[in-house]
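K.L.:
There's a structure below that I have some questions on.
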Amino acid sequence: MITGANGIGKSSLLRLLAGFLKPFLGQIERLGRLAFADEALALDRHMSLQQALAYWAALDGFSGAEKDAMRIMALDKLAESPVRLLSTGQRKRAVLARLLASRAAIWLLDEPANGLDKASIMALLRMIEKHRDKGGVVLAVSHQGLDMADYATLSLEDFRSKNNHQSVFFDFDDESAAF
Amino acid sequence: MIGAAVFLPILFFLLVAVLFPFAVGSDRMILSRTGSGVLWVAALLASLLPIDRLVTPDIENGFFDHYAARNISEEWIAVARIIAHWLSFAVPLMVALLPASMLLSLDWSVFWKSEAGFLLATPGLAALGVMIAALTARVKAGSALTALLLLPLAVPLLIFGCGAVDGHQPGAFLLLAASSLFLLAVAPFVIGAALRVGQEG
């Protein structure tokens with residue numbers, strides 16, 4: 001979990017790790033498939049929720065995985081609803097359902113709890129816990145932080161003050177020791 | 001691009017064919033002499049209409065980030081976009097050419113030559129459309145820029161297309177095909193680069 005004030009560069013760090021931005025120095029090597037979840041919906045607004053999620057699941061090579069993901073995120077009753085009619089919280093859960101359906105080892109989450117109610121945040125935490133137990137890696141950024149006492153947390157402000165332009169090595173084999 | 005928006009360029013194209021006889025009169029000689037040129041210009045202008053919806057909404061919606069996260073190259077996305085745009089724009093346009101030709105009293109030979117010309121020119125026009133859409137996606141007032149960029153670049157297609165239908169320019173069909181192929185070959189790389197720059201921005 002990476003925390004820090006608005007505008008300090010949390011999302012940029014995540015986009016850098018995702019490969020959307022190129023680093024000025026050094027290189028980033030990704031040792032596994034990654035899935036990214038941020039504020040962007042990236043689902044066709046005119047399709048039903050299931051169709052829209054199925055598109056990405058098929059691209060990831062896991063056709064049908066969207067059904068389980070929708071069930072876990074309590075979206076199964078909305079399967080036939082057009083994406084454009086979903087509420088803010090439902091959209092956020094749809095984004096997390098896409099993340100689940102991707103079956104990627106590395107999850108990059110940008111403000112994952114934004115727009116979620118208490119029950120959905122609990123579901124998200126359980127989801128992260130389960131993914132970690134399976135050997136997956138989760139890197140989340142949040143301006144507030146999640147209620148995850150047993151998760152490694154890095155404050156980007158502290159990190160910057162202590163490591164001025166130093167190299168950083170993310171040891172994904174032992175994520176609890178990563179920071 | 002789905003729903004009613006798909007039909008807007010076609011409606012525009014047909015509307016031009018309907019309005020033109022009101023402007024120049026119903027003289028069949030004048031209509032058949034000028035009609036094919038009017039249809040080429042109408043097709044060109046109609047191609048401007050869907051451009052705003054080709055790339056910008058998907059950038060705003062984050063689609064391209066998710067393609068990038070899956071290591072799908074922007075060039076392949078560009079190829080898919082060009083094909084999709086051609087299917088949704090050019091194919092209905094070629095169907096609409098029949099009623100438009102009838103409204104303008106074009107001979108069957110002119111109609112078939114126009115149809116062949118459209119078949120050759122529209123893949124290039126689709127490539128050009130997606131290319132301009134990608135280049136102007138993050139520019140404010142991009143729609144005004146779209147017309148200024150697309151129309152001059154489409155001039156070779158217009159000249160060779162009209163020349164092929166007239167029959168006065170030998171080899172016009174070949175030159176039309178060459179122009180279209182050139183645009184098709186170049187567009188994926190330009191679109192890919194534009195999308196990458198946009199992502200880093």
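Labeling convention for the structure tokens: chains A, B, ... as they appear, residues from 1 per chain, ligands from 1 in order of appearance.
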If we count only C-alpha atoms, what is near range 65-68 of chain B at a cut-off of 7 Å, once residues fewer than 4 positions away on the same chain are taken out, given as a count of residues only?

P.N.:
3

K.L.:
When you get a sec, could you note down which chain A residues fall within 12 Å of chain B, using only C-alpha atoms, as number ranges by chain?

P.N.:
A: 12, 14-23, 30, 32-47, 52, 55-61, 95, 98-99, 102-104, 106-108

K.L.:
Taking C-alpha atoms for each residue, export the selection above as an mmCIF file, in the first residue's frame.

P.N.:
data_model
loop_
_atom_site.group_PDB
_atom_site.id
_atom_site.type_symbol
_atom_site.label_atom_id
_atom_site.label_comp_id
_atom_site.auth_asym_id
_atom_site.auth_seq_id
_atom_site.Cartn_x
_atom_site.Cartn_y
_atom_site.Cartn_z
ATOM 1 C CA SER A 12 2.211 8.260 -11.739
ATOM 2 C CA LEU A 14 1.494 3.086 -10.615
ATOM 3 C CA ARG A 15 1.317 4.074 -14.295
ATOM 4 C CA LEU A 16 5.086 3.774 -14.457
ATOM 5 C CA LEU A 17 4.932 0.243 -13.061
ATOM 6 C CA ALA A 18 2.103 -0.608 -15.447
ATOM 7 C CA GLY A 19 4.281 0.460 -18.364
ATOM 8 C CA PHE A 20 2.058 3.380 -19.446
ATOM 9 C CA LEU A 21 4.864 5.828 -18.676
ATOM 10 C CA LYS A 22 8.542 5.394 -19.429
ATOM 11 C CA PRO A 23 11.047 6.072 -16.631
ATOM 12 C CA ARG A 30 7.500 -7.046 -15.093
ATOM 13 C CA GLY A 32 4.068 -11.620 -14.653
ATOM 14 C CA ARG A 33 0.793 -10.538 -16.159
ATOM 15 C CA LEU A 34 -0.685 -7.464 -14.579
ATOM 16 C CA ALA A 35 -4.129 -6.010 -14.233
ATOM 17 C CA PHE A 36 -4.806 -2.369 -13.559
ATOM 18 C CA ALA A 37 -7.785 -0.786 -11.834
ATOM 19 C CA ASP A 38 -8.216 2.948 -11.562
ATOM 20 C CA GLU A 39 -11.033 5.459 -11.873
ATOM 21 C CA ALA A 40 -11.495 4.770 -15.596
ATOM 22 C CA LEU A 41 -14.341 2.380 -16.350
ATOM 23 C CA ALA A 42 -13.078 1.036 -19.698
ATOM 24 C CA LEU A 43 -16.324 -0.836 -20.296
ATOM 25 C CA ASP A 44 -18.558 -0.286 -23.290
ATOM 26 C CA ARG A 45 -21.432 1.832 -21.971
ATOM 27 C CA HIS A 46 -23.910 0.385 -24.471
ATOM 28 C CA MET A 47 -23.266 -3.264 -23.657
ATOM 29 C CA ALA A 52 -18.649 -5.746 -21.363
ATOM 30 C CA TYR A 55 -14.917 -8.787 -23.722
ATOM 31 C CA TRP A 56 -11.921 -8.284 -21.420
ATOM 32 C CA ALA A 57 -12.077 -11.814 -20.001
ATOM 33 C CA ALA A 58 -11.925 -13.195 -23.546
ATOM 34 C CA LEU A 59 -8.972 -10.921 -24.356
ATOM 35 C CA ASP A 60 -7.200 -12.318 -21.283
ATOM 36 C CA GLY A 61 -7.916 -15.843 -22.479
ATOM 37 C CA VAL A 95 -13.843 -2.410 -12.462
ATOM 38 C CA ARG A 98 -12.678 -7.074 -14.418
ATOM 39 C CA LEU A 99 -9.536 -7.194 -12.306
ATOM 40 C CA SER A 102 -8.217 -11.165 -15.599
ATOM 41 C CA ARG A 103 -6.578 -13.739 -13.288
ATOM 42 C CA ALA A 104 -3.409 -11.669 -13.471
ATOM 43 C CA ILE A 106 0.060 -8.561 -10.304
ATOM 44 C CA TRP A 107 -2.720 -6.148 -9.350
ATOM 45 C CA LEU A 108 -2.126 -2.435 -9.542
#

K.L.:
List the spatial neighbours of Arg33 in chain B as JSON, numbers by chain - criterion: any atom at most 12 Å away, only C-alpha atoms, same-chain residues fewer than 5 positions off excluded.

P.N.:
{"B": [24, 27, 28, 38, 39, 101, 104, 105, 106, 107, 110, 162, 165, 166]}

K.L.:
Between B:Leu149, B:Leu158, B:Leu128, B:Ala80, which one has atoms that come closest to Ala42 in chain B, using only C-alpha atoms?

P.N.:
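Distance minimum relative to Ala42 in chain B lands on B:Leu158.
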
K.L.:
Got a sec to tell me which of range 60-123 of chain A DSSP assigns to strand (DSSP E or B), as a VMD selection string?

P.N.:
chain A and resid 82 106 to 110

K.L.:
For a test of reading the model, state the distance in Å between CA of Lys130 in chain A and CA of Thr3 in chain A, rounded to one decimal.

P.N.:
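Going from CA of Lys130 in chain A over to CA of Thr3 in chain A, I get 21.8 Å.
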
K.L.:
Between A:Glu29, A:Ala113, A:Phe24, A:Asp68, which residue has the minimum interatomic distance to Leu125 in chain A, considering only C-alpha atoms?

P.N.:
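Under the stated criterion, the closest residue is A:Ala113.
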
K.L.:
Run DSSP on the backbone of this structure and report the residues of chain B it assigns to alpha helix (DSSP H), as a PyMOL selection string.

P.N.:
chain B and resi 8-24+28-46+56-60+63-69+74-85+91-103+108-135+142-153+155-166+172-200

K.L.:
What gap, in Å, lies between CA of Leu174 in chain B and CA of Leu125 in chain B?

P.N.:
15.9 Å

K.L.:
I want to know what sits within 10 Å of Glu80 in chain A, based on only C-alpha atoms, with residues of the same chain fewer than 6 positions away left out; could you give that as a list in words?

P.N.:
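Surrounding residues, per the criterion: Met47, Ser48, Leu49, Gln50 and Gln51 of chain A.
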
K.L.:
Kindly save the residues from that selection, with C-alpha atoms included, as a compact mmCIF listing (two decimals), in the first residue's frame.

P.N.:
# COMPACT_ATOMS: atom_id res chain seq x y z
CA MET A 47 -23.27 -3.26 -23.66
CA SER A 48 -24.74 -5.23 -20.78
CA LEU A 49 -22.38 -5.52 -17.82
CA GLN A 50 -21.75 -9.19 -18.50
CA GLN A 51 -21.00 -8.61 -22.19

K.L.:
Calculate how many Å separate CA of Pro50 in chain B from CA of Ser36 in chain B, rounding to one decimal.

P.N.:
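Between CA of Pro50 in chain B and CA of Ser36 in chain B the gap works out to 22.6 Å.
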